[in-house]
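Containing mmCIF, C-alpha atoms: structure26.cif.
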```cif
data_model
#
loop_
_atom_site.label_atom_id
_atom_site.label_comp_id
_atom_site.auth_asym_id
_atom_site.auth_seq_id
_atom_site.Cartn_x
_atom_site.Cartn_y
_atom_site.Cartn_z
CA MET A 236 74.84 61.72 175.24
CA ASP A 237 78.62 62.07 175.67
CA LYS A 238 80.47 63.36 172.64
CA ILE A 239 82.27 60.68 170.67
CA TYR A 240 85.27 61.98 168.71
CA ASP A 241 86.40 60.49 165.45
CA ARG A 242 90.00 60.49 166.69
CA VAL A 243 91.82 61.21 169.96
CA TYR A 244 95.57 61.72 170.28
CA ILE A 245 97.47 60.88 173.45
CA GLY A 246 100.37 63.33 173.24
CA THR A 247 100.81 66.59 171.36
CA GLY A 248 104.12 66.20 169.54
CA PRO A 249 104.56 67.80 166.08
CA ILE A 250 103.50 64.72 164.10
CA ASN A 251 100.28 64.31 166.08
CA LEU A 252 99.51 68.05 165.82
CA ILE A 253 99.93 68.11 162.04
CA ASP A 254 97.95 64.89 161.65
CA ALA A 255 95.15 66.36 163.80
CA TYR A 256 95.18 69.56 161.72
CA LEU A 257 94.91 67.68 158.41
CA ARG A 258 92.15 65.36 159.62
CA ASN A 259 90.13 68.13 161.24
CA ASN A 260 90.31 70.04 157.94
CA LYS A 261 88.80 66.96 156.31
CA GLY A 262 85.88 67.00 158.71
CA GLU A 263 86.97 64.67 161.49
CA SER A 264 86.18 65.63 165.08
CA VAL A 265 89.48 65.54 166.94
CA ALA A 266 90.71 65.85 170.53
CA MET A 267 94.23 65.86 171.97
CA ILE A 268 95.29 65.02 175.52
CA ASP A 269 98.63 65.82 177.14
CA SER A 270 100.04 65.69 180.66
CA LYS A 271 102.06 68.85 180.03
CA SER A 272 100.87 72.45 180.25
CA ARG A 273 101.69 73.27 176.61
CA ILE A 274 101.55 71.41 173.33
CA GLY A 275 104.68 70.39 171.42
CA GLY A 276 106.04 67.34 173.21
CA ALA A 277 109.82 67.68 173.49
CA TRP A 278 109.77 70.58 171.04
CA VAL A 279 109.23 73.33 173.57
CA ALA A 280 110.97 76.46 174.82
CA ILE A 281 111.49 77.44 178.44
CA PRO A 282 112.41 80.72 180.17
CA VAL A 283 116.18 81.01 180.65
CA GLY A 284 117.03 83.79 183.10
CA ASP A 285 116.46 87.18 181.49
CA PHE A 286 117.43 85.84 178.07
CA GLY A 287 113.94 84.91 176.88
CA HIS A 288 112.49 81.53 175.97
CA LEU A 289 115.06 79.11 174.52
CA GLU A 290 114.67 75.53 173.43
CA ILE A 291 114.90 73.05 176.27
CA GLY A 292 117.35 70.59 174.71
CA CYS A 293 119.77 70.00 171.86
CA HIS A 294 117.88 69.13 168.68
CA ILE A 295 118.89 68.41 165.13
CA TRP A 296 116.81 67.71 162.04
CA SER A 297 117.98 64.86 159.82
CA TYR A 298 118.38 65.86 156.19
CA ASN A 299 115.17 65.41 154.23
CA LYS A 300 114.41 67.93 151.53
CA LYS A 301 110.75 66.90 151.09
CA VAL A 302 110.03 67.33 154.80
CA TYR A 303 111.92 70.64 154.94
CA ASN A 304 109.80 71.98 152.10
CA PHE A 305 106.58 70.62 153.59
CA LEU A 306 107.18 72.23 157.01
CA LYS A 307 108.29 75.50 155.46
CA LYS A 308 105.09 75.67 153.42
CA LEU A 309 102.70 74.41 156.09
CA LEU A 310 104.04 76.37 159.05
CA ASP A 311 105.80 79.28 157.35
CA LEU A 312 108.98 78.37 159.22
CA HIS A 313 112.14 80.36 158.68
CA LEU A 314 114.61 77.56 158.02
CA VAL A 315 118.32 78.37 158.05
CA SER A 316 121.29 76.31 156.91
CA LEU A 317 123.42 74.97 159.75
CA LYS A 318 126.90 76.44 159.52
CA PRO A 319 129.21 74.72 159.96
CA GLN A 320 127.67 71.36 159.19
CA PRO A 321 126.77 69.28 162.27
CA TYR A 322 129.37 66.67 163.12
CA PHE A 323 130.34 63.86 165.48
CA LEU A 324 133.31 64.48 167.78
CA ASN A 325 135.29 61.52 169.11
CA GLY A 326 138.22 62.88 171.06
CA SER A 327 139.86 65.12 168.45
CA THR A 328 138.38 63.27 165.45
CA LYS A 329 135.47 64.81 163.54
CA LEU A 330 132.97 63.11 161.25
CA ILE A 331 130.48 65.28 159.37
CA TYR A 332 126.92 64.16 160.07
CA ASP A 333 126.09 63.47 156.44
CA HIS A 334 129.16 61.28 156.02
CA LYS A 335 127.68 59.06 158.74
CA ASN A 336 124.82 58.36 156.31
CA LEU A 337 127.39 57.55 153.63
CA LEU A 338 129.16 55.05 155.89
CA LEU A 339 126.01 53.41 157.27
CA THR A 340 124.32 53.17 153.88
CA SER A 341 127.46 51.73 152.26
CA ARG A 342 127.82 49.17 155.05
CA ARG A 343 124.16 48.12 154.79
CA LEU A 344 124.20 47.83 150.99
CA THR A 345 127.49 45.92 150.98
CA LYS A 346 126.17 43.41 153.49
CA ASP A 347 122.91 42.82 151.60
CA ILE A 348 124.63 42.52 148.22
CA PHE A 349 127.24 40.04 149.45
CA THR A 350 124.53 37.93 151.10
CA ALA A 351 122.40 38.15 147.94
CA HIS A 352 119.51 39.91 149.67
CA PHE A 353 118.74 41.98 146.58
CA GLY A 354 115.10 42.50 147.54
CA SER A 355 116.27 44.05 150.78
CA VAL A 356 118.56 46.39 148.81
CA VAL A 357 115.68 47.66 146.67
CA LYS A 358 113.38 48.05 149.66
CA PHE A 359 116.04 49.91 151.64
CA ILE A 360 116.88 52.36 148.84
CA LYS A 361 113.25 52.94 147.88
CA HIS A 362 111.65 53.34 151.30
CA ASP A 363 114.24 54.20 153.98
CA PRO A 364 114.92 57.99 154.19
CA SER A 365 118.33 57.33 155.74
CA ALA A 366 119.45 55.43 152.62
CA ARG A 367 121.69 58.08 151.05
CA LEU A 368 125.20 58.17 149.61
CA PRO A 369 126.14 61.85 149.99
CA ILE A 370 129.72 62.16 148.76
CA PHE A 371 129.21 65.91 149.00
CA PRO A 372 127.41 66.70 152.29
CA LYS A 373 123.87 68.04 152.03
CA THR A 374 122.86 71.23 153.81
CA TYR A 375 121.09 70.48 157.07
CA LYS A 376 118.43 73.00 158.08
CA TYR A 377 116.71 74.08 161.27
CA PRO A 378 114.26 76.81 162.32
CA SER A 379 116.10 80.06 163.05
CA GLY A 380 114.09 80.39 166.28
CA GLY A 381 114.65 76.77 167.24
CA ALA A 382 112.01 74.72 169.04
CA ARG A 383 110.36 77.95 170.19
CA GLU A 384 109.55 78.91 166.60
CA LEU A 385 108.27 75.42 165.79
CA GLN A 386 106.13 75.35 168.93
CA LEU A 387 104.55 78.75 168.28
CA LYS A 388 103.79 77.90 164.65
CA LEU A 389 102.24 74.58 165.67
CA GLU A 390 100.08 76.35 168.27
CA LYS A 391 98.89 78.77 165.61
CA LEU A 392 98.16 75.90 163.22
CA ILE A 393 96.09 73.86 165.66
CA LYS A 394 94.19 76.94 166.90
CA SER A 395 92.95 77.42 163.33
CA THR A 396 90.97 74.19 163.72
CA SER A 397 88.11 73.08 165.96
CA THR A 398 90.35 70.57 167.73
CA ASP A 399 89.67 70.18 171.46
CA ILE A 400 92.85 70.14 173.55
CA PHE A 401 93.00 68.88 177.14
CA LEU A 402 96.27 69.72 178.93
CA ASN A 403 97.66 68.94 182.39
CA ASN A 404 95.90 65.58 182.38
CA GLU A 405 97.81 62.32 182.20
CA VAL A 406 95.92 59.41 180.66
CA GLN A 407 95.60 56.37 182.95
CA GLU A 408 93.68 53.82 180.86
CA LEU A 409 92.28 53.12 177.41
CA ILE A 410 89.19 50.90 177.42
CA TYR A 411 87.54 49.47 174.28
CA LYS A 412 83.89 48.44 174.25
CA ASP A 413 81.31 48.12 171.48
CA GLY A 414 83.48 49.91 168.89
CA ILE A 415 84.32 52.88 171.11
CA TRP A 416 87.46 53.73 173.07
CA THR A 417 87.12 55.40 176.46
CA VAL A 418 90.11 57.46 177.54
CA LYS A 419 90.35 57.76 181.32
CA GLY A 420 92.35 60.69 182.69
CA GLU A 421 94.06 60.91 186.07
CA ASP A 422 91.53 63.54 187.18
CA GLY A 423 88.68 61.06 186.63
CA SER A 424 87.60 62.58 183.32
CA PHE A 425 86.51 60.46 180.37
CA VAL A 426 86.82 61.11 176.64
CA LYS A 427 85.32 58.78 174.04
CA SER A 428 86.57 58.17 170.52
CA LYS A 429 86.28 55.85 167.55
CA LYS A 430 90.04 55.86 167.00
CA ILE A 431 93.08 56.39 169.23
CA VAL A 432 96.63 57.50 168.40
CA VAL A 433 99.13 56.80 171.17
CA THR A 434 102.59 58.36 171.47
CA ALA A 435 105.37 56.03 172.63
CA THR A 436 106.09 58.45 175.47
CA SER A 437 102.50 58.38 176.78
CA HIS A 438 102.74 57.33 180.42
CA MET A 439 99.48 55.42 180.85
CA LYS A 440 99.02 52.27 182.89
CA LYS A 441 96.71 49.96 180.94
CA ILE A 442 95.01 49.29 177.65
CA LYS A 443 91.91 47.09 177.85
CA TYR A 444 90.65 45.62 174.58
CA LYS A 445 87.80 43.13 175.10
CA ASP A 446 89.38 40.31 177.15
CA VAL A 447 92.95 41.49 176.53
CA VAL A 448 94.64 43.66 179.16
CA VAL A 449 97.99 45.22 178.30
CA ASP A 450 99.83 46.38 181.41
CA LEU A 451 102.31 48.85 179.99
CA ASN A 452 105.99 48.72 180.89
CA TYR A 453 108.34 51.67 180.52
CA SER A 454 111.96 52.60 180.20
CA PHE A 455 112.77 55.89 181.92
CA LEU A 456 115.27 58.41 180.64
CA THR A 457 115.92 61.95 181.84
CA TYR A 458 117.29 64.39 179.28
CA THR A 459 119.43 66.93 181.15
CA HIS A 460 120.90 70.05 179.59
CA PHE A 461 122.76 73.12 180.72
CA HIS A 462 122.19 76.52 179.15
CA ILE A 463 125.58 78.21 179.36
CA VAL A 464 125.66 81.95 178.63
CA VAL A 465 129.11 83.48 178.16
CA SER A 466 130.45 86.86 177.09
CA GLY A 467 131.87 87.26 173.61
CA ASP A 468 131.77 85.00 170.56
CA VAL A 469 132.76 81.36 170.29
CA LYS A 470 136.34 80.83 169.14
CA LYS A 471 135.44 77.82 167.01
CA LYS A 472 132.04 78.02 165.33
CA ILE A 473 129.62 75.14 165.79
CA SER A 474 125.98 74.44 165.03
CA TYR A 475 125.43 70.99 166.52
CA VAL A 476 128.04 68.56 167.81
CA ARG A 477 127.37 64.98 168.90
CA VAL A 478 130.08 64.12 171.43
CA LEU A 479 131.16 60.47 171.53
CA ASN A 480 132.96 58.57 174.29
CA HIS A 481 132.86 61.30 176.91
CA ASP A 482 131.90 60.39 180.48
CA HIS A 483 129.60 63.36 181.02
CA ILE A 484 128.85 65.35 177.85
CA HIS A 485 127.02 64.02 174.79
CA ARG A 486 125.75 67.03 172.79
CA ILE A 487 126.49 70.71 172.19
CA SER A 488 124.44 73.29 170.28
CA ASP A 489 125.04 76.99 169.67
CA ILE A 490 121.60 78.59 170.08
CA THR A 491 122.74 82.23 170.28
CA ASN A 492 120.43 83.17 167.40
CA GLN A 493 117.46 82.26 169.63
CA LEU A 494 118.22 85.08 172.07
CA LYS A 495 115.35 87.54 172.45
CA SER A 496 117.73 90.49 172.76
CA THR A 497 121.21 91.21 174.01
CA THR A 498 122.71 94.24 175.71
CA VAL A 499 126.26 92.95 175.27
CA ASN A 500 127.90 90.47 172.97
CA GLU A 501 126.75 87.10 174.34
CA THR A 502 126.85 83.46 173.31
CA VAL A 503 124.47 80.73 174.47
CA LEU A 504 125.61 77.13 174.28
CA LEU A 505 123.23 74.30 175.09
CA VAL A 506 125.09 71.28 176.45
CA GLY A 507 123.53 67.84 176.94
CA VAL A 508 124.93 65.82 179.85
CA PHE A 509 124.30 62.35 181.21
CA ASP A 510 121.88 62.82 184.09
CA ASP A 511 123.25 59.94 186.17
CA LYS A 512 126.81 61.31 185.91
CA ILE A 513 126.24 64.89 187.08
CA ALA A 514 126.67 64.00 190.76
CA GLU A 515 130.29 63.11 190.03
CA TRP A 516 130.88 66.79 189.33
CA GLY A 517 129.38 67.91 192.64
CA SER A 518 127.03 70.91 192.61
CA ASP A 519 125.33 72.33 189.51
CA GLU A 520 127.72 75.30 189.66
CA GLN A 521 130.73 72.96 189.68
CA ALA A 522 129.17 71.08 186.74
CA ALA A 523 128.80 74.32 184.79
CA LYS A 524 132.47 75.12 185.45
CA LYS A 525 133.47 71.64 184.27
CA ILE A 526 131.48 72.19 181.08
CA ILE A 527 133.28 75.50 180.51
CA GLU A 528 136.62 73.71 181.03
CA TYR A 529 135.68 71.16 178.38
CA LEU A 530 134.56 73.85 175.93
CA ASN A 531 137.85 75.67 176.48
CA GLN A 532 139.82 72.44 176.07
CA LYS A 533 138.15 71.77 172.71
CA GLY A 534 138.75 75.34 171.52
CA PHE A 535 135.11 76.39 171.36
CA LEU A 536 135.78 79.02 174.04
CA ASP A 537 138.84 80.55 175.71
CA ALA A 538 139.69 82.52 178.84
CA SER A 539 138.15 85.69 177.39
CA ASN A 540 134.67 84.08 177.50
CA LYS A 541 133.34 84.75 181.00
CA MET A 542 130.35 82.73 182.19
CA LEU A 543 127.44 85.14 182.72
CA TYR A 544 124.70 82.65 183.58
CA PHE A 545 123.93 78.93 183.64
CA GLN A 546 120.74 76.96 184.08
CA LYS A 547 120.19 73.21 184.39
CA ASN A 548 117.02 71.72 182.92
CA ARG A 549 115.72 68.16 183.31
CA PHE A 550 113.15 66.58 180.97
CA PRO A 551 112.06 63.19 182.40
CA THR A 552 110.66 60.87 179.71
CA ALA A 553 109.02 57.45 179.86
CA TYR A 554 109.14 55.19 176.79
CA ILE A 555 106.76 52.28 176.28
CA HIS A 556 108.89 49.14 175.94
CA GLY A 557 109.59 48.29 172.31
CA ASP A 558 108.30 44.73 172.68
CA GLN A 559 104.82 46.15 173.42
CA TRP A 560 104.60 48.34 170.30
CA ALA A 561 103.50 45.47 168.05
CA VAL A 562 101.13 44.19 170.74
CA ILE A 563 99.34 47.55 170.83
CA ASN A 564 99.25 48.00 167.05
CA ASN A 565 97.87 44.49 166.58
CA LEU A 566 94.97 44.91 169.01
CA HIS A 567 92.64 46.54 166.49
CA PRO A 568 92.89 48.91 163.47
CA SER A 569 91.28 51.63 165.59
CA ILE A 570 94.37 52.06 167.79
CA HIS A 571 97.82 53.04 166.58
CA LEU A 572 101.10 53.61 168.40
CA ASN A 573 103.43 56.28 167.01
CA ALA A 574 106.93 55.11 167.90
CA THR A 575 109.18 57.40 165.87
CA THR A 576 112.11 59.13 167.59
CA ASP A 577 113.42 61.05 164.56
CA LEU A 578 111.05 63.89 163.64
CA MET A 579 112.17 64.25 160.02
CA TYR A 580 112.04 60.54 159.26
CA GLY A 581 108.72 60.20 161.08
CA LEU A 582 107.25 62.99 158.94
CA HIS A 583 108.77 61.40 155.83
CA TYR A 584 106.66 58.28 156.36
CA LYS A 585 103.59 60.31 157.35
CA LEU A 586 103.80 62.35 154.14
CA ARG A 587 103.46 59.11 152.22
CA ASP A 588 100.45 58.07 154.33
CA TRP A 589 98.77 61.50 154.13
CA LYS A 590 99.08 61.52 150.36
CA LYS A 591 97.57 58.03 150.10
CA GLU A 592 94.64 59.12 152.26
CA GLY A 593 94.15 62.34 150.30
CA LEU A 594 94.77 64.53 153.34
CA LEU A 595 97.17 66.84 151.49
CA GLU A 596 94.98 67.55 148.48
CA ARG A 597 93.36 70.67 149.89
CA ARG A 598 96.70 72.07 151.00
CA ASP A 599 98.38 71.32 147.68
CA LYS A 600 95.64 73.17 145.75
CA LYS A 601 96.09 76.36 147.72
#
```
Translate the structure of the given file into C-alpha cells.
Amino acid sequence: MDKIYDRVYIGTGPINLIDAYLRNNKGESVAMIDSKSRIGGAWVAIPVGDFGHLEIGCHIWSYNKKVYNFLKKLLDLHLVSLKPQPYFLNGSTKLIYDHKNLLLTSRRLTKDIFTAHFGSVVKFIKHDPSARLPIFPKTYKYPSGGARELQLKLEKLIKSTSTDIFLNNEVQELIYKDGIWTVKGEDGSFVKSKKIVVTATSHMKKIKYKDVVVDLNYSFLTYTHFHIVVSGDVKKKISYVRVLNHDHIHRISDITNQLKSTTVNETVLLVGVFDDKIAEWGSDEQAAKKIIEYLNQKGFLDASNKMLYFQKNRFPTAYIHGDQWAVINNLHPSIHLNATTDLMYGLHYKLRDWKKEGLLERRDKK
C-alpha cells in the first residue's frame, strides 16, 4: 500500500520548513516537495564569482521582537542590528523604515476613529504586527550571514527530523478523493497525504476537489539583482535602502559582511533592478556601469571605488492570483494556502497558531 503522509507541503520556504519541523516532532509524518534543487524558497544563496555564496536578492526583516527571539532560539541565528537603520530614498529625501510604520499606523487609526470604526481600531492594534507607533525607531535585525545563514540553519533543522523531501519536481495537480489528497508531480510521481499546505508561489496547474476543478491562474514577476563588487569601502554607509520613483533601481543592500574571505578591501552591494527596464541600458556590462554611476551620484561610492566584478541574477516567480486564495482555502479544511509575502509578519501569525495547537510546548520546555 502506498504511504499516506499526515501532511505534505508544496514549497520549502522558511515558514513551511519550521511548520514541518514542529509537526514532525509531534509525531506527524511529513513530506515536502519543491521544484528547486535546494530548500529555502527565495531565501537562498548562490555562488558569486570567487567571492563565495551570497544571498540572491535584497531582503529585509520587518521589526518583530517576538519573531527575532524565536528564530534566534530555534535556529541559533547570529542576528545583527542593521546600521544605519534601513530607509526609503525618494530622490534626495530619506524616510527611516520604522517611521513608515508610524505614518501608516497613524493614518489608519485616524481614519477608523473619525469614521467611528472603533472595533476595527481594537482589532488592528491587537492583531496586526504592523500596528506600531515608534516615535523612536526600533532596531531592525538580520542574520549576519544573510540568507545563506538562514538557509543552512533551516537545512540543519529539517535534517534533524524524519521529513521526506522531494526536490527538482514541480507539482502539476492536487486531486482529492475519499479523504486523501494525491499530489501529482511533473515526472509522473504521486504522493498521498491527508492534508496539504500550498505556497502561493507553487506553480501547479489544477486542484481537483470532488466535482470542483480549480484551474490556477498566475501573475509572473522576475526579481533581478546585480551583485556589484568594488574596491574600497562605501563612502556613505547603508544597510538596506528602498529606492522610490527611479526608472530602473528599486533596492540596494550592503552585503559585504557575507563575503567568505577577502584578499583586498572589497565592498559588495546588491542592487535590485526592474527586469523589464534593463534592456534600456543595453548590455549587462553597461547596466552595471549605470548602477555604479547612480551609486556615485548618491554618494554611496566615488571614483576611488573601482568595479572588480559584477553578476546579474534572475529569480522568476509565479504567484497564484489573489482572487483564488479564498477559493482554495474554502475547498476543505484539509488544504491550506500560505499567502504571506512578509516573512516576519507571516511567522508572527504562525507563532500564535503554533501556540494554540501546542506545537511549541516541547521547545519551550527545553
So that I can check the surroundings of stretch 275-283 of chain A, please list as an mmCIF file with C-alpha atoms, keeping the file's coordinate frame every protein, DNA and RNA residue that reaches within 8 Å of it, counting all atoms listed in the file and ignoring chain neighbours fewer than 2 positions away.
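Dumped to result-v2.cif:
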```
data_model
loop_
_atom_site.group_PDB
_atom_site.id
_atom_site.type_symbol
_atom_site.label_atom_id
_atom_site.label_comp_id
_atom_site.auth_asym_id
_atom_site.auth_seq_id
_atom_site.Cartn_x
_atom_site.Cartn_y
_atom_site.Cartn_z
ATOM 1 C CA GLY A 246 100.370 63.330 173.240
ATOM 2 C CA THR A 247 100.810 66.590 171.360
ATOM 3 C CA GLY A 248 104.120 66.200 169.540
ATOM 4 C CA PRO A 249 104.560 67.800 166.080
ATOM 5 C CA LEU A 252 99.510 68.050 165.820
ATOM 6 C CA ARG A 273 101.690 73.270 176.610
ATOM 7 C CA ASP A 285 116.460 87.180 181.490
ATOM 8 C CA PHE A 286 117.430 85.840 178.070
ATOM 9 C CA GLY A 287 113.940 84.910 176.880
ATOM 10 C CA HIS A 288 112.490 81.530 175.970
ATOM 11 C CA LEU A 289 115.060 79.110 174.520
ATOM 12 C CA GLU A 290 114.670 75.530 173.430
ATOM 13 C CA ILE A 291 114.900 73.050 176.270
ATOM 14 C CA ALA A 382 112.010 74.720 169.040
ATOM 15 C CA ARG A 383 110.360 77.950 170.190
ATOM 16 C CA LEU A 385 108.270 75.420 165.790
ATOM 17 C CA GLN A 386 106.130 75.350 168.930
ATOM 18 C CA LEU A 389 102.240 74.580 165.670
ATOM 19 C CA HIS A 462 122.190 76.520 179.150
ATOM 20 C CA GLN A 546 120.740 76.960 184.080
#
```
Take the PyMOL selection byres ((chain A and resi 399) around 9), run it mentally on this structure, and tell me the resulting residues as a list in words.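 Checking the PyMOL selection byres ((chain A and resi 399) around 9) against this file, the residues are Ser264, Val265, Ala266, Met267, Ile268, Thr396, Ser397, Thr398, Ile400 and Phe401 of chain A.
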Output as a Markdown table one row per residue of stretch 323-350 of chain A within 12 Å of stretch 521-533 of chain A: the closest atom pair and its distance in Å to one decimal place, counting all atoms listed in the file, sorted by chain and residue number ascending.
```
| residue | atom | partner | partner_atom | distance |
| --- | --- | --- | --- | --- |
| A:Leu324 | CA | A:Lys533 | CA | 10.0 |
| A:Asn325 | CA | A:Lys533 | CA | 11.2 |
| A:Gly326 | CA | A:Lys533 | CA | 9.0 |
| A:Ser327 | CA | A:Lys533 | CA | 8.1 |
| A:Thr328 | CA | A:Lys533 | CA | 11.2 |
| A:Lys329 | CA | A:Lys533 | CA | 11.8 |
```
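With all atoms listed in the file taken into account, the protein and nucleic acid residues at most 12 Å from A:Asn564 (excluding it and anything under 3 positions from it in its own chain) are Ile431, Val432, Val433, Thr434, Ala435, Ile442, Tyr444, Val449, Gly557, Asp558, Gln559, Trp560, Ala561, His567, Pro568, Ser569, Ile570, His571, Leu572, Asn573 and Ala574 of chain A.
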Choose the residue, out of A:His362, A:Tyr580, A:Lys376, A:Arg342, that has the smallest atom-to-atom separation from A:Ser316; count all atoms listed in the file. A:Lys376
Counting all atoms listed in the file, which residues sit no farther than 8 Å from the position (102.3, 69.8, 160.9) in the file's frame? I'd like them as a PyMOL selection string. chain A and resi 249-254+256+306+309-310+389+392
Show me, as a list in words, the residues that have an atom within 7 Å of A:His483 when counting only C-alpha atoms, minus same-chain residues fewer than 3 positions from it.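 Those residues are Val508, Phe509 and Lys512 of chain A.
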Within 9 Å of A:Ser474, counting all atoms listed in the file, which residues show up once you throw out same-chain ones fewer than 4 positions away? Write them as a list in words, please.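 Within the cut-off, the hits are Leu317, Lys318, Pro319, Gln320, Pro321, Tyr322, Ile487, Ser488, Asp489 and Ile490 of chain A.
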Taking into account only C-alpha atoms, which residue in the set A:Ser341, A:Gln407, A:Asn304, A:Ser518 is nearest to A:Pro369?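 Smallest separation from A:Pro369 among the options: A:Ser341.
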Run the PyMOL selection byres ((chain A and resi 594) around 9) against the file shown and list the residues it catches, as a ChimeraX atom specification. /A:254,257-258,260-261,588-593,595-598
Step by step, work through what the PyMOL selection byres ((chain A and resi 412) around 12) selects in the shown file, and finish by giving those residues as number ranges by chain. A: 409-411, 413-418, 427-429, 442-447, 567, 569
Could you dump the residues just selected with C-alpha atoms as a JSON list (two decimals), in the frame of the given file?
```
[["chain", "number", "residue", "atom", "x", "y", "z"],
["A", 409, "LEU", "CA", 92.28, 53.12, 177.41],
["A", 410, "ILE", "CA", 89.19, 50.90, 177.42],
["A", 411, "TYR", "CA", 87.54, 49.47, 174.28],
["A", 413, "ASP", "CA", 81.31, 48.12, 171.48],
["A", 414, "GLY", "CA", 83.48, 49.91, 168.89],
["A", 415, "ILE", "CA", 84.32, 52.88, 171.11],
["A", 416, "TRP", "CA", 87.46, 53.73, 173.07],
["A", 417, "THR", "CA", 87.12, 55.40, 176.46],
["A", 418, "VAL", "CA", 90.11, 57.46, 177.54],
["A", 427, "LYS", "CA", 85.32, 58.78, 174.04],
["A", 428, "SER", "CA", 86.57, 58.17, 170.52],
["A", 429, "LYS", "CA", 86.28, 55.85, 167.55],
["A", 442, "ILE", "CA", 95.01, 49.29, 177.65],
["A", 443, "LYS", "CA", 91.91, 47.09, 177.85],
["A", 444, "TYR", "CA", 90.65, 45.62, 174.58],
["A", 445, "LYS", "CA", 87.80, 43.13, 175.10],
["A", 446, "ASP", "CA", 89.38, 40.31, 177.15],
["A", 447, "VAL", "CA", 92.95, 41.49, 176.53],
["A", 567, "HIS", "CA", 92.64, 46.54, 166.49],
["A", 569, "SER", "CA", 91.28, 51.63, 165.59]]
```
Using all atoms listed in the file, which residues sit within 9 Å of A:Leu337 once same-chain residues fewer than 3 positions away are excluded, as a list of chain:residue names? A:Asp333, A:His334, A:Thr340, A:Ser341, A:Arg342, A:Ala366, A:Arg367, A:Leu368, A:Pro369, A:Ile370
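Compared by their closest atoms to A:Gly420, and using all atoms listed in the file, the residues A:Phe461, A:Thr436, A:Leu339, A:Lys441 rank with A:Lys441 nearest.
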Would you mind writing stretch 584-595 of chain A with N, CA, C and O atoms, as a PDB file, keeping the file's coordinate frame?
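Generated file (selection-v3.pdb):
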```pdb
ATOM      1  N   TYR A 584     107.611  59.383 156.519  1.00  0.00           N
ATOM      2  CA  TYR A 584     106.660  58.280 156.360  1.00  0.00           C
ATOM      3  C   TYR A 584     105.218  58.779 156.416  1.00  0.00           C
ATOM      4  O   TYR A 584     104.343  58.275 155.705  1.00  0.00           O
ATOM      5  N   LYS A 585     104.953  59.777 157.262  1.00  0.00           N
ATOM      6  CA  LYS A 585     103.590  60.310 157.350  1.00  0.00           C
ATOM      7  C   LYS A 585     103.185  61.024 156.072  1.00  0.00           C
ATOM      8  O   LYS A 585     102.013  60.965 155.679  1.00  0.00           O
ATOM      9  N   LEU A 586     104.109  61.702 155.408  1.00  0.00           N
ATOM     10  CA  LEU A 586     103.800  62.350 154.140  1.00  0.00           C
ATOM     11  C   LEU A 586     103.268  61.327 153.134  1.00  0.00           C
ATOM     12  O   LEU A 586     102.308  61.592 152.402  1.00  0.00           O
ATOM     13  N   ARG A 587     103.907  60.191 153.118  1.00  0.00           N
ATOM     14  CA  ARG A 587     103.460  59.110 152.220  1.00  0.00           C
ATOM     15  C   ARG A 587     102.044  58.677 152.577  1.00  0.00           C
ATOM     16  O   ARG A 587     101.182  58.544 151.708  1.00  0.00           O
ATOM     17  N   ASP A 588     101.783  58.494 153.892  1.00  0.00           N
ATOM     18  CA  ASP A 588     100.450  58.070 154.330  1.00  0.00           C
ATOM     19  C   ASP A 588      99.403  59.144 154.049  1.00  0.00           C
ATOM     20  O   ASP A 588      98.287  58.834 153.608  1.00  0.00           O
ATOM     21  N   TRP A 589      99.733  60.412 154.335  1.00  0.00           N
ATOM     22  CA  TRP A 589      98.770  61.500 154.130  1.00  0.00           C
ATOM     23  C   TRP A 589      98.399  61.647 152.659  1.00  0.00           C
ATOM     24  O   TRP A 589      97.254  61.931 152.338  1.00  0.00           O
ATOM     25  N   LYS A 590      99.370  61.432 151.783  1.00  0.00           N
ATOM     26  CA  LYS A 590      99.080  61.520 150.360  1.00  0.00           C
ATOM     27  C   LYS A 590      98.167  60.374 149.921  1.00  0.00           C
ATOM     28  O   LYS A 590      97.230  60.571 149.143  1.00  0.00           O
ATOM     29  N   LYS A 591      98.419  59.172 150.438  1.00  0.00           N
ATOM     30  CA  LYS A 591      97.570  58.030 150.100  1.00  0.00           C
ATOM     31  C   LYS A 591      96.133  58.248 150.553  1.00  0.00           C
ATOM     32  O   LYS A 591      95.186  57.843 149.884  1.00  0.00           O
ATOM     33  N   GLU A 592      95.981  58.885 151.707  1.00  0.00           N
ATOM     34  CA  GLU A 592      94.640  59.120 152.260  1.00  0.00           C
ATOM     35  C   GLU A 592      93.986  60.382 151.721  1.00  0.00           C
ATOM     36  O   GLU A 592      92.846  60.692 152.066  1.00  0.00           O
ATOM     37  N   GLY A 593      94.702  61.124 150.880  1.00  0.00           N
ATOM     38  CA  GLY A 593      94.150  62.340 150.300  1.00  0.00           C
ATOM     39  C   GLY A 593      94.075  63.510 151.256  1.00  0.00           C
ATOM     40  O   GLY A 593      93.372  64.487 150.999  1.00  0.00           O
ATOM     41  N   LEU A 594      94.834  63.459 152.350  1.00  0.00           N
ATOM     42  CA  LEU A 594      94.770  64.530 153.340  1.00  0.00           C
ATOM     43  C   LEU A 594      95.529  65.781 152.932  1.00  0.00           C
ATOM     44  O   LEU A 594      95.331  66.847 153.517  1.00  0.00           O
ATOM     45  N   LEU A 595      96.390  65.679 151.932  1.00  0.00           N
ATOM     46  CA  LEU A 595      97.170  66.840 151.490  1.00  0.00           C
ATOM     47  C   LEU A 595      96.607  67.520 150.281  1.00  0.00           C
ATOM     48  O   LEU A 595      97.138  68.536 149.831  1.00  0.00           O
TER      49      LEU A 595
END
```
